[in-house]
$ cat entry.txt   # compact mmCIF, C-alpha atoms
# COMPACT_ATOMS: atom_id res chain seq x y z
CA MET A 1 -221.01 -4.45 -152.89
CA ASN A 2 -221.87 -1.48 -155.12
CA ARG A 3 -223.59 0.20 -152.21
CA VAL A 4 -220.51 -0.16 -150.01
CA VAL A 5 -218.26 1.26 -152.74
CA THR A 6 -220.68 4.14 -153.34
CA THR A 7 -220.76 4.93 -149.61
CA VAL A 8 -216.97 4.89 -149.29
CA VAL A 9 -216.41 7.01 -152.40
CA GLY A 10 -219.17 9.42 -151.39
CA THR A 11 -217.64 9.85 -147.92
CA PHE A 12 -214.25 10.67 -149.41
CA VAL A 13 -215.81 13.16 -151.86
CA GLU A 14 -217.77 14.86 -149.08
CA SER A 15 -214.66 15.16 -146.93
CA TRP A 16 -212.65 16.60 -149.80
CA GLN A 17 -215.38 19.12 -150.62
CA GLU A 18 -215.44 20.30 -147.00
CA LEU A 19 -211.69 20.75 -147.11
CA ARG A 20 -212.06 22.92 -150.21
CA VAL A 21 -214.78 25.01 -148.60
CA HIS A 22 -212.71 25.65 -145.48
CA ARG A 23 -209.35 25.61 -147.22
CA GLY A 24 -208.20 28.90 -145.71
CA ARG A 25 -208.43 27.73 -142.12
CA VAL A 26 -207.26 24.22 -143.03
CA VAL A 27 -204.16 25.45 -144.85
CA LEU A 28 -203.16 27.65 -141.92
CA SER A 29 -203.65 24.80 -139.46
CA LEU A 30 -201.69 22.38 -141.64
CA VAL A 31 -198.61 24.59 -142.06
CA GLY A 32 -197.26 23.36 -138.74
CA VAL A 33 -197.96 19.73 -139.71
CA THR A 34 -196.16 20.21 -143.02
CA ILE A 35 -193.11 21.74 -141.35
CA ALA A 36 -193.06 19.03 -138.69
CA VAL A 37 -193.35 16.21 -141.23
CA ALA A 38 -190.60 17.77 -143.36
CA SER A 39 -188.37 17.97 -140.27
CA LEU A 40 -189.21 14.42 -139.27
CA ALA A 41 -188.53 13.13 -142.79
CA VAL A 42 -185.19 14.96 -142.88
CA VAL A 43 -184.22 13.54 -139.47
CA VAL A 44 -185.08 9.96 -140.43
CA GLY A 45 -183.44 10.37 -143.84
CA PHE A 46 -180.36 11.96 -142.30
CA GLY A 47 -180.05 9.08 -139.86
CA ALA A 48 -180.43 6.47 -142.61
CA LEU A 49 -177.91 8.15 -144.91
CA ALA A 50 -175.42 8.82 -142.13
CA GLU A 51 -175.69 5.24 -140.91
CA LYS A 52 -175.05 3.86 -144.40
CA ALA A 53 -172.19 6.30 -144.95
CA THR A 54 -170.60 5.40 -141.62
CA ALA A 55 -170.86 1.70 -142.45
CA ALA A 56 -169.38 2.27 -145.92
CA LEU A 57 -166.45 4.31 -144.57
CA ASN A 58 -165.80 1.76 -141.82
CA GLU A 59 -165.80 -1.03 -144.38
CA GLN A 60 -163.27 0.84 -146.51
CA TYR A 61 -160.81 0.90 -143.62
CA SER A 62 -161.75 -2.14 -141.54
CA GLY A 63 -163.49 -4.52 -143.92
CA ARG A 64 -167.01 -5.84 -144.30
CA PRO A 65 -168.75 -7.85 -141.59
CA ALA A 66 -167.16 -10.13 -140.60
CA THR A 67 -163.49 -9.52 -141.45
CA PHE A 68 -160.75 -11.07 -139.33
CA ALA A 69 -157.02 -10.33 -139.42
CA LEU A 70 -154.68 -13.25 -138.79
CA SER A 71 -151.35 -12.20 -137.35
CA ALA A 72 -148.42 -14.25 -136.06
CA SER A 73 -145.78 -13.71 -133.43
CA SER A 74 -142.78 -15.73 -132.38
CA THR A 75 -143.05 -17.39 -128.97
CA THR A 76 -139.29 -17.00 -128.52
CA GLY A 77 -139.25 -13.30 -129.36
CA GLY A 78 -138.21 -11.55 -132.53
CA ALA A 79 -139.68 -11.97 -135.99
CA VAL A 80 -141.33 -15.06 -137.45
CA ALA A 81 -138.68 -17.14 -139.20
CA ASP A 82 -140.46 -17.87 -142.50
CA GLU A 83 -143.38 -15.51 -143.11
CA ASP A 84 -143.87 -16.63 -146.72
CA ALA A 85 -144.44 -20.21 -145.60
CA LEU A 86 -146.86 -19.03 -142.92
CA PHE A 87 -148.89 -17.01 -145.42
CA ALA A 88 -149.00 -20.00 -147.75
CA GLU A 89 -150.59 -21.92 -144.87
CA TYR A 90 -153.10 -19.08 -144.33
CA ARG A 91 -154.18 -19.33 -147.96
CA ALA A 92 -154.37 -23.12 -147.82
CA ALA A 93 -156.48 -23.05 -144.64
CA ALA A 94 -158.84 -20.43 -146.07
CA GLN A 95 -159.30 -22.53 -149.20
CA ARG A 96 -159.89 -25.64 -147.08
CA TYR A 97 -162.83 -23.99 -145.31
CA ASP A 98 -164.27 -22.56 -148.56
CA VAL A 99 -163.58 -18.93 -147.61
CA GLN A 100 -164.51 -16.99 -150.73
CA TRP A 101 -162.73 -13.71 -149.92
CA SER A 102 -159.22 -13.42 -148.47
CA THR A 103 -156.23 -11.16 -148.95
CA GLU A 104 -152.72 -10.61 -147.74
CA THR A 105 -152.04 -7.05 -146.56
CA MET A 106 -148.72 -5.36 -145.88
CA GLN A 107 -148.85 -1.68 -145.11
CA GLY A 108 -146.08 0.83 -144.78
CA PRO A 109 -143.91 3.36 -146.61
CA ARG A 110 -142.12 2.53 -149.85
CA LYS A 111 -139.78 4.70 -151.87
CA VAL A 112 -141.01 5.94 -155.24
CA GLN A 113 -139.00 7.87 -157.85
CA PHE A 114 -141.09 10.87 -158.91
CA PRO A 115 -139.93 13.41 -161.51
CA ASP A 116 -138.99 15.81 -158.70
CA GLY A 117 -137.20 13.25 -156.55
CA VAL A 118 -137.59 10.14 -154.40
CA SER A 119 -140.30 10.13 -151.73
CA ASP A 120 -141.74 7.68 -149.23
CA VAL A 121 -145.25 6.68 -150.35
CA TYR A 122 -147.76 4.88 -148.16
CA THR A 123 -148.16 1.50 -149.85
CA ASN A 124 -150.65 -1.30 -149.29
CA THR A 125 -149.58 -4.66 -150.70
CA VAL A 126 -152.71 -6.72 -151.32
CA ASP A 127 -154.41 -9.50 -153.27
CA PRO A 128 -157.22 -8.82 -155.81
CA ASP A 129 -159.94 -9.73 -153.25
CA TYR A 130 -159.01 -6.68 -151.17
CA ALA A 131 -161.10 -4.35 -153.36
CA GLU A 132 -164.34 -6.23 -152.66
CA MET A 133 -163.54 -6.68 -148.97
CA HIS A 134 -162.78 -2.99 -148.44
CA ARG A 135 -165.14 -1.29 -150.93
CA VAL A 136 -162.35 0.12 -153.07
CA ARG A 137 -163.92 2.22 -155.85
CA MET A 138 -162.14 3.03 -159.06
CA ALA A 139 -162.15 6.55 -160.50
CA SER A 140 -160.50 5.37 -163.72
CA GLY A 141 -158.54 2.44 -165.05
CA SER A 142 -158.86 -0.99 -163.48
CA TRP A 143 -158.14 -2.96 -160.32
CA PHE A 144 -155.81 -5.93 -160.05
CA THR A 145 -156.53 -9.36 -161.49
CA GLU A 146 -154.67 -12.63 -160.92
CA ASP A 147 -152.97 -12.19 -164.29
CA ASP A 148 -151.24 -9.06 -162.98
CA ARG A 149 -149.25 -11.13 -160.50
CA SER A 150 -146.92 -12.52 -163.19
CA ARG A 151 -146.22 -9.21 -164.96
CA LEU A 152 -142.55 -8.37 -165.39
CA ALA A 153 -143.51 -4.69 -165.13
CA PRO A 154 -145.67 -4.86 -161.97
CA ALA A 155 -149.01 -3.07 -161.84
CA ILE A 156 -149.91 -0.45 -159.25
CA VAL A 157 -153.15 1.39 -158.44
CA VAL A 158 -152.70 4.92 -157.12
CA ASN A 159 -154.66 7.85 -155.73
CA ARG A 160 -155.21 11.29 -157.26
CA ALA A 161 -152.33 12.88 -155.29
CA PHE A 162 -149.93 10.24 -156.69
CA LEU A 163 -151.01 10.97 -160.27
CA GLU A 164 -150.67 14.71 -159.79
CA ARG A 165 -147.16 14.24 -158.38
CA LEU A 166 -146.40 12.14 -161.47
CA GLY A 167 -147.58 14.95 -163.76
CA ASP A 168 -151.21 13.84 -164.14
CA PRO A 169 -150.65 11.50 -167.11
CA ASP A 170 -153.52 9.79 -168.96
CA LEU A 171 -153.80 6.15 -167.85
CA VAL A 172 -154.29 4.98 -171.43
CA THR A 173 -150.64 5.90 -172.03
CA HIS A 174 -149.59 3.30 -169.40
CA PRO A 175 -147.48 5.68 -167.28
CA THR A 176 -144.58 4.12 -165.42
CA VAL A 177 -142.73 4.94 -162.22
CA ARG A 178 -139.55 3.51 -160.73
CA LEU A 179 -139.65 1.79 -157.35
CA PRO A 180 -136.10 1.89 -155.93
CA GLY A 181 -134.90 -0.53 -153.30
CA VAL A 182 -134.81 -4.29 -152.93
CA PRO A 183 -136.47 -5.53 -154.99
CA GLY A 184 -136.42 -2.63 -157.41
CA ALA A 185 -138.81 -2.43 -160.34
CA VAL A 186 -140.42 -0.17 -162.90
CA ALA A 187 -144.15 -0.26 -162.21
CA VAL A 188 -147.06 0.55 -164.52
CA VAL A 189 -149.99 2.60 -163.22
CA ILE A 190 -153.17 0.73 -164.28
CA GLY A 191 -155.81 2.54 -162.22
CA GLU A 192 -156.80 5.40 -159.93
CA TYR A 193 -158.95 4.67 -156.90
CA VAL A 194 -161.44 7.07 -155.35
CA THR A 195 -160.34 9.01 -152.27
CA SER A 196 -161.73 11.85 -150.21
CA ASP A 197 -160.77 15.49 -150.63
CA TYR A 198 -158.70 15.22 -147.44
CA ASP A 199 -156.41 12.57 -148.94
CA THR A 200 -153.68 14.91 -150.17
CA GLU A 201 -150.61 12.66 -149.86
CA PRO A 202 -149.55 10.14 -152.55
CA ALA A 203 -150.54 6.53 -151.82
CA MET A 204 -150.70 3.33 -153.82
CA TYR A 205 -151.64 -0.35 -153.90
CA GLU A 206 -149.37 -3.03 -155.28
CA MET A 207 -149.88 -6.76 -155.86
CA ALA A 208 -148.75 -9.26 -153.25
CA ARG A 209 -146.39 -11.95 -154.55
CA SER A 210 -145.56 -9.90 -157.63
CA VAL A 211 -142.21 -8.77 -159.03
CA ALA A 212 -142.49 -5.53 -157.05
CA SER A 213 -143.29 -7.12 -153.69
CA THR A 214 -141.42 -10.44 -153.70
CA GLY A 215 -138.68 -10.25 -151.11
CA LEU A 216 -140.19 -7.35 -149.20
CA VAL A 217 -140.00 -7.86 -145.45
CA ALA A 218 -142.37 -6.17 -143.01
CA ASP A 219 -140.07 -4.11 -140.82
CA PRO A 220 -141.95 -2.84 -137.73
CA ASP A 221 -139.21 -0.27 -137.12
CA SER A 222 -140.06 1.41 -140.44
CA GLY A 223 -143.81 1.34 -139.77
CA MET A 224 -144.60 -1.75 -141.87
CA SER A 225 -147.04 -4.45 -140.80
CA ARG A 226 -148.17 -7.67 -142.49
CA SER A 227 -151.30 -9.71 -141.90
CA PHE A 228 -153.78 -11.98 -143.63
CA GLU A 229 -157.47 -11.05 -143.79
CA VAL A 230 -160.48 -13.30 -144.30
CA TRP A 231 -164.07 -12.19 -144.90
CA VAL A 232 -166.37 -14.87 -143.52
CA PRO A 233 -170.12 -15.16 -142.81
CA ASP A 234 -171.13 -13.32 -139.64
CA HIS A 235 -172.76 -16.42 -138.15
CA GLY A 236 -170.00 -18.50 -136.53
CA ALA A 237 -167.36 -16.07 -137.80
CA LYS A 238 -165.13 -16.16 -134.71
CA ARG A 239 -165.08 -19.95 -134.60
CA LEU A 240 -164.17 -20.22 -138.29
CA ALA A 241 -161.43 -17.58 -138.06
CA ASN A 242 -159.93 -19.37 -135.03
CA ARG A 243 -159.93 -22.64 -136.97
CA ILE A 244 -157.98 -21.08 -139.83
CA ALA A 245 -155.52 -19.55 -137.36
CA SER A 246 -155.01 -22.81 -135.45
CA ASP A 247 -154.55 -24.83 -138.66
CA ALA A 248 -151.88 -22.42 -139.90
CA GLU A 249 -150.19 -22.46 -136.49
CA ARG A 250 -150.02 -26.26 -136.43
CA SER A 251 -148.78 -26.46 -140.01
CA VAL A 252 -145.72 -24.24 -139.49
CA GLY A 253 -144.66 -26.09 -136.34
CA GLY A 254 -143.67 -24.76 -132.94
CA GLY A 255 -142.38 -21.34 -132.07
CA VAL A 256 -145.23 -19.44 -133.78
CA GLU A 257 -148.49 -18.24 -132.24
CA VAL A 258 -151.28 -17.13 -134.58
CA SER A 259 -154.22 -15.00 -133.43
CA ALA A 260 -157.46 -14.00 -135.21
CA ASP A 261 -158.81 -10.55 -134.39
CA ARG A 262 -162.01 -9.08 -135.77
CA MET A 263 -161.43 -5.84 -137.67
CA ASP A 264 -164.77 -4.57 -138.96
CA ALA A 265 -166.67 -1.94 -137.01
CA ALA A 266 -169.80 -4.10 -136.75
CA GLY A 267 -167.93 -6.38 -134.39
CA THR A 268 -166.18 -3.70 -132.34
CA VAL A 269 -168.66 -0.78 -132.02
CA ASP A 270 -171.60 -1.14 -129.64
CA GLY A 271 -174.82 0.81 -130.14
CA ASP A 272 -175.57 3.60 -132.58
CA PRO A 273 -173.07 6.50 -132.45
CA LEU A 274 -175.59 8.78 -134.19
CA GLY A 275 -178.46 7.75 -131.93
CA PRO A 276 -178.38 10.65 -129.42
CA LEU A 277 -178.36 13.29 -132.17
CA ARG A 278 -181.21 11.62 -134.04
CA TYR A 279 -183.28 11.29 -130.85
CA VAL A 280 -182.92 14.98 -129.99
CA ILE A 281 -183.88 16.19 -133.48
CA ALA A 282 -186.71 13.65 -133.71
CA ALA A 283 -188.07 14.79 -130.33
CA VAL A 284 -188.17 18.40 -131.55
CA SER A 285 -189.92 17.29 -134.75
CA VAL A 286 -192.50 15.30 -132.80
CA LEU A 287 -193.15 18.33 -130.56
CA VAL A 288 -193.76 20.51 -133.65
CA LEU A 289 -196.00 17.75 -135.05
CA VAL A 290 -198.06 17.69 -131.83
CA LEU A 291 -198.41 21.48 -131.85
CA GLY A 292 -199.57 21.32 -135.46
CA GLY A 293 -202.07 18.64 -134.50
CA LEU A 294 -203.43 20.82 -131.69
CA GLY A 295 -203.90 23.68 -134.13
CA LEU A 296 -205.73 21.36 -136.50
CA LEU A 297 -207.92 20.12 -133.63
CA THR A 298 -208.92 23.67 -132.74
CA VAL A 299 -209.84 24.52 -136.32
CA SER A 300 -211.80 21.27 -136.69
CA LEU A 301 -213.83 21.92 -133.54
CA VAL A 302 -214.67 25.45 -134.69
CA SER A 303 -215.60 24.10 -138.11
CA VAL A 304 -217.93 21.46 -136.65
CA ARG A 305 -219.63 24.08 -134.44
CA GLN A 306 -220.28 26.24 -137.48
CA ARG A 307 -221.70 23.28 -139.41
CA ILE A 308 -224.17 22.05 -136.79
CA ARG A 309 -227.15 23.05 -138.95
CA GLU A 310 -225.67 21.29 -141.99
CA ILE A 311 -224.97 18.14 -139.96
CA GLY A 312 -228.51 18.16 -138.55
CA ILE A 313 -230.05 18.42 -142.01
CA ARG A 314 -227.90 15.54 -143.26
CA ARG A 315 -228.99 13.46 -140.29
CA GLY A 316 -232.62 14.40 -141.02
CA VAL A 317 -232.44 13.15 -144.62
CA GLY A 318 -230.98 9.80 -143.62
CA ALA A 319 -227.25 10.11 -143.04
CA THR A 320 -226.17 7.65 -140.37
CA ALA A 321 -224.09 8.56 -137.34
CA GLY A 322 -221.30 6.35 -138.65
CA ARG A 323 -221.14 8.18 -141.96
CA ILE A 324 -221.08 11.56 -140.23
CA PHE A 325 -218.31 10.33 -137.93
CA VAL A 326 -216.18 8.96 -140.78
CA ALA A 327 -216.74 12.06 -142.94
CA VAL A 328 -215.55 14.46 -140.24
CA LEU A 329 -212.64 12.19 -139.33
CA LEU A 330 -211.59 11.86 -142.96
CA GLU A 331 -211.50 15.61 -143.40
CA ASN A 332 -208.62 15.75 -140.94
CA VAL A 333 -206.93 12.61 -142.21
CA LEU A 334 -207.04 13.76 -145.84
CA GLY A 335 -205.77 17.19 -144.87
CA THR A 336 -202.83 15.87 -142.89
CA ALA A 337 -202.09 13.25 -145.57
CA VAL A 338 -201.73 16.03 -148.13
CA ALA A 339 -199.64 18.04 -145.68
CA GLY A 340 -197.54 14.95 -144.99
CA GLY A 341 -196.97 14.40 -148.70
CA ILE A 342 -195.85 17.99 -149.14
CA GLY A 343 -193.62 17.71 -146.07
CA VAL A 344 -192.01 14.51 -147.40
CA MET A 345 -191.38 16.17 -150.77
CA LEU A 346 -189.71 19.10 -148.99
CA GLY A 347 -187.58 16.68 -146.97
CA ALA A 348 -186.69 14.73 -150.12
CA ALA A 349 -185.70 17.96 -151.88
CA VAL A 350 -183.36 18.83 -149.01
CA LEU A 351 -181.70 15.40 -148.75
CA SER A 352 -181.49 14.92 -152.53
CA ASN A 353 -179.46 18.09 -152.88
CA GLU A 354 -175.98 17.02 -153.94
CA THR A 355 -174.23 19.40 -151.53
CA VAL A 356 -176.30 18.29 -148.52
CA ARG A 357 -176.00 14.61 -149.44
CA SER A 358 -172.25 14.87 -149.91
CA ALA A 359 -171.88 16.60 -146.54
CA ILE A 360 -173.82 13.79 -144.81
CA THR A 361 -172.13 10.87 -146.56
CA SER A 362 -168.64 12.43 -146.78
CA GLY A 363 -168.55 11.34 -150.40
CA ALA A 364 -169.04 7.64 -149.59
CA ASP A 365 -170.81 5.50 -152.16
CA ILE A 366 -173.85 4.16 -150.29
CA GLY A 367 -176.07 3.29 -153.25
CA GLY A 368 -179.85 3.08 -152.93
CA ALA A 369 -182.46 5.76 -153.58
CA PRO A 370 -181.57 9.46 -153.10
CA PHE A 371 -184.24 9.66 -150.38
CA PRO A 372 -184.70 6.70 -147.99
CA LEU A 373 -188.07 4.97 -148.31
CA GLU A 374 -188.42 4.61 -144.54
CA ALA A 375 -188.25 8.40 -144.15
CA ALA A 376 -191.15 8.87 -146.57
CA LEU A 377 -193.25 6.16 -144.91
CA ILE A 378 -192.62 7.49 -141.39
CA GLY A 379 -193.39 11.07 -142.47
CA ILE A 380 -196.70 10.28 -144.15
CA GLY A 381 -197.65 7.74 -141.48
CA SER A 382 -197.04 10.29 -138.72
CA ALA A 383 -199.12 12.91 -140.55
CA VAL A 384 -202.04 10.51 -141.00
CA ALA A 385 -201.85 9.45 -137.34
CA VAL A 386 -201.94 13.09 -136.20
CA GLY A 387 -204.89 13.74 -138.49
CA ALA A 388 -206.78 10.76 -137.09
CA LEU A 389 -206.14 11.83 -133.49
CA ALA A 390 -207.01 15.48 -134.21
CA GLY A 391 -210.20 14.47 -135.99
CA LEU A 392 -211.46 12.03 -133.37
CA LEU A 393 -212.89 14.63 -130.95
CA PRO A 394 -214.60 16.76 -133.65
CA ALA A 395 -216.09 13.59 -135.14
CA LEU A 396 -217.51 12.58 -131.76
CA VAL A 397 -218.97 16.08 -131.33
CA ALA A 398 -220.59 15.86 -134.77
CA VAL A 399 -222.15 12.47 -133.97
CA ARG A 400 -223.68 13.79 -130.72
CA VAL A 401 -225.51 16.60 -132.52
CA LYS A 402 -229.30 16.18 -132.18
CA VAL A 403 -231.34 16.74 -135.29
CA ILE A 404 -233.93 19.02 -133.67
CA ASP A 405 -231.27 21.16 -131.97
CA ALA A 406 -229.32 21.43 -135.19
CA ILE A 407 -232.34 22.63 -137.14
CA ARG A 408 -233.05 25.28 -134.49
CA TYR A 409 -229.41 26.44 -134.53
$ encode --input "entry.txt" --output "structure tokens"
Amino acid sequence: MNRVVTTVVGTFVESWQELRVHRGRVVLSLVGVTIAVASLAVVVGFGALAEKATAALNEQYSGRPATFALSASSTTGGAVADEDALFAEYRAAAQRYDVQWSTETMQGPRKVQFPDGVSDVYTNTVDPDYAEMHRVRMASGSWFTEDDRSRLAPAIVVNRAFLERLGDPDLVTHPTVRLPGVPGAVAVVIGEYVTSDYDTEPAMYEMARSVASTGLVADPDSGMSRSFEVWVPDHGAKRLANRIASDAERSVGGGVEVSADRMDAAGTVDGDPLGPLRYVIAAVSVLVLVLGGLGLLTVSLVSVRQRIREIGIRRGVGATAGRIFVAVLLENVLGTAVAGGIGVMLGAAVLSNETVRSAITSGADIGGAPFPLEAALIGIGSAVAVGALAGLLPALVAVRVKVIDAIRY
């Protein structure tokens, strides 16, 4: 066992010493490998970050996999007679099938009294589960809880543009705003949710079945829509959503037809929208990696030719062909491994830059490490593979050296 360990360690030390002796040529040959690995790591990392960011943004608007929207229509035309009763049946059916996450949603404009006048504000009337289903992130304050439903002064959660229009008050002062109309109310701002830099118009969330929203009717003519969303396990999701819809439809009697439509992007988008871009950039990176490998192969062959006498002497004093082969091969593998590590660090430095990362993710909260692990593994793995392939031919040449010819060289 000790002999095996000594042989392995000795082979690595010999390979490293040769790299140090020929470091000038090796460094020049590995520049291309380093650049290629850095490019490859950036491409893989870019793809991973962009994919996560796209999924996060889609989930903010469409819900997590698998989210279904239940909507009803009258079979006789016109509006559904008793929407409140229908939504009560939605909630009962969701509870019956142990659906953990569900929310009512009603979207459309609502009048708000700002200090400079009354304006229509895009309003989303929801239940507390909406935040988890749609990845709502809070910048300050808090999101709704069930206790907020019974408040006489209803709670609202607003965006940055809303607060600025209100005079940018501190949330700890419990700022209020009047909501004219039927029903009218004076609402309390309890939180600010995170939005993108492009969201420049005031918007807000209010609680469903609260003082502010009770009696509101979804008027399609004014751009309002009302539905009920359920977030269910992806396996058997369509069947479960259809069961909830059919149960609610039967419970409210005839004249109403309820449909369940999948909302989240995972169920509606086929393939990878970023795939073509990633393939093109990856192909260029692989081409650079191959060119770097060819340069390393050339340097390794020249190096072996110059070391024929040394190799012959080592063979003469007892070095086996296998050890010579592994030593020469390891010189290339160690060199490209170091180059790969440097390339991965360069790629990580690029993708960890806050400006670059923000541009890729569009400010979405994707969590995880600043630099994807798969990018590092692919970068180093590719570098080692190139080193092994580039070192195979020089290693075979070294093994075929005859002792007597090497001594005469």
$ closest_residue --input "entry.txt" --among "A:Ser210, A:Gln60, A:Thr54, A:Ser225" --to "A:Asp148" --atoms "all atoms listed in the file"
A:Ser210
$ atom_distance --input "entry.txt" --atom1 "atom CA of A:Leu291" --atom2 "atom CA of A:Gly391"
14.3 Å
$ closest_residue --input "entry.txt" --among "A:Gly312, A:Pro169, A:Gly184, A:Pro202" --to "A:Thr123" --atoms "only C-alpha atoms"
A:Pro202
$ residues_around --input "entry.txt" --residues "A:Gln100" --least-positions-apart "2" --cutoff "12 Å" --atoms "only C-alpha atoms" --output "list in words"
Thr67, Arg91, Ala93, Ala94, Gln95, Arg96, Tyr97, Asp98, Ser102, Thr103, Asp129, Tyr130, Glu132, Met133, Glu229, Val230, Trp231, Val232 and Pro233 of chain A
$ write_last_selection --input "entry.txt" --atoms "C-alpha atoms" --output "PDB file, in the coordinates of the input"
ATOM      1  CA  THR A  67    -163.490  -9.520-141.450  1.00  0.00           C
ATOM      2  CA  ARG A  91    -154.180 -19.330-147.960  1.00  0.00           C
ATOM      3  CA  ALA A  93    -156.480 -23.050-144.640  1.00  0.00           C
ATOM      4  CA  ALA A  94    -158.840 -20.430-146.070  1.00  0.00           C
ATOM      5  CA  GLN A  95    -159.300 -22.530-149.200  1.00  0.00           C
ATOM      6  CA  ARG A  96    -159.890 -25.640-147.080  1.00  0.00           C
ATOM      7  CA  TYR A  97    -162.830 -23.990-145.310  1.00  0.00           C
ATOM      8  CA  ASP A  98    -164.270 -22.560-148.560  1.00  0.00           C
ATOM      9  CA  SER A 102    -159.220 -13.420-148.470  1.00  0.00           C
ATOM     10  CA  THR A 103    -156.230 -11.160-148.950  1.00  0.00           C
ATOM     11  CA  ASP A 129    -159.940  -9.730-153.250  1.00  0.00           C
ATOM     12  CA  TYR A 130    -159.010  -6.680-151.170  1.00  0.00           C
ATOM     13  CA  GLU A 132    -164.340  -6.230-152.660  1.00  0.00           C
ATOM     14  CA  MET A 133    -163.540  -6.680-148.970  1.00  0.00           C
ATOM     15  CA  GLU A 229    -157.470 -11.050-143.790  1.00  0.00           C
ATOM     16  CA  VAL A 230    -160.480 -13.300-144.300  1.00  0.00           C
ATOM     17  CA  TRP A 231    -164.070 -12.190-144.900  1.00  0.00           C
ATOM     18  CA  VAL A 232    -166.370 -14.870-143.520  1.00  0.00           C
ATOM     19  CA  PRO A 233    -170.120 -15.160-142.810  1.00  0.00           C
TER      20      PRO A 233
END
$ closest_residue --input "entry.txt" --among "A:Ala38, A:Leu30, A:Ala390, A:Ala153" --to "A:Val338" --atoms "all atoms listed in the file"
A:Leu30
$ closest_atom_pairs --input "entry.txt" --of "stretch 23-109 of chain A" --to "stretch 345-360 of chain A" --cutoff "9 Å" --atoms "all atoms listed in the file" --output "tab-separated table"
residue	atom	partner	partner_atom	distance
A:Thr34	CA	A:Leu346	CA	8.9
A:Ile35	CA	A:Leu346	CA	8.8
A:Val37	CA	A:Gly347	CA	8.2
A:Ala38	CA	A:Gly347	CA	4.8
A:Ser39	CA	A:Gly347	CA	6.9
A:Leu40	CA	A:Gly347	CA	8.2
A:Ala41	CA	A:Gly347	CA	5.6
A:Val42	CA	A:Gly347	CA	5.0
A:Val43	CA	A:Gly347	CA	8.8
A:Gly45	CA	A:Leu351	CA	7.2
A:Phe46	CA	A:Ile360	CA	7.2
A:Leu49	CA	A:Ile360	CA	7.0
A:Ala50	CA	A:Ile360	CA	5.9
A:Ala53	CA	A:Ile360	CA	7.7
$ atom_distance --input "entry.txt" --atom1 "atom CA of A:Ser119" --atom2 "atom CA of A:Leu152"
23.1 Å
$ atom_distance --input "entry.txt" --atom1 "atom CA of A:Asp147" --atom2 "atom CA of A:Glu192"
18.5 Å
$ closest_residue --input "entry.txt" --among "A:Ala375, A:Ala72, A:Val304, A:Ala185" --to "A:Pro394" --atoms "only C-alpha atoms"
A:Val304
$ residues_around --input "entry.txt" --residues "stretch 240-247 of chain A" --least-positions-apart "3" --cutoff "7 Å" --atoms "all atoms listed in the file" --output "PyMOL selection string"
chain A and resi 68+70+90+93-94+236-237+250-251+258-260
$ write_last_selection --input "entry.txt" --atoms "C-alpha atoms" --output "mmCIF file, keeping the file's coordinate frame"
data_model
loop_
_atom_site.group_PDB
_atom_site.id
_atom_site.type_symbol
_atom_site.label_atom_id
_atom_site.label_comp_id
_atom_site.auth_asym_id
_atom_site.auth_seq_id
_atom_site.Cartn_x
_atom_site.Cartn_y
_atom_site.Cartn_z
ATOM 1 C CA PHE A 68 -160.750 -11.070 -139.330
ATOM 2 C CA LEU A 70 -154.680 -13.250 -138.790
ATOM 3 C CA TYR A 90 -153.100 -19.080 -144.330
ATOM 4 C CA ALA A 93 -156.480 -23.050 -144.640
ATOM 5 C CA ALA A 94 -158.840 -20.430 -146.070
ATOM 6 C CA GLY A 236 -170.000 -18.500 -136.530
ATOM 7 C CA ALA A 237 -167.360 -16.070 -137.800
ATOM 8 C CA ARG A 250 -150.020 -26.260 -136.430
ATOM 9 C CA SER A 251 -148.780 -26.460 -140.010
ATOM 10 C CA VAL A 258 -151.280 -17.130 -134.580
ATOM 11 C CA SER A 259 -154.220 -15.000 -133.430
ATOM 12 C CA ALA A 260 -157.460 -14.000 -135.210
#
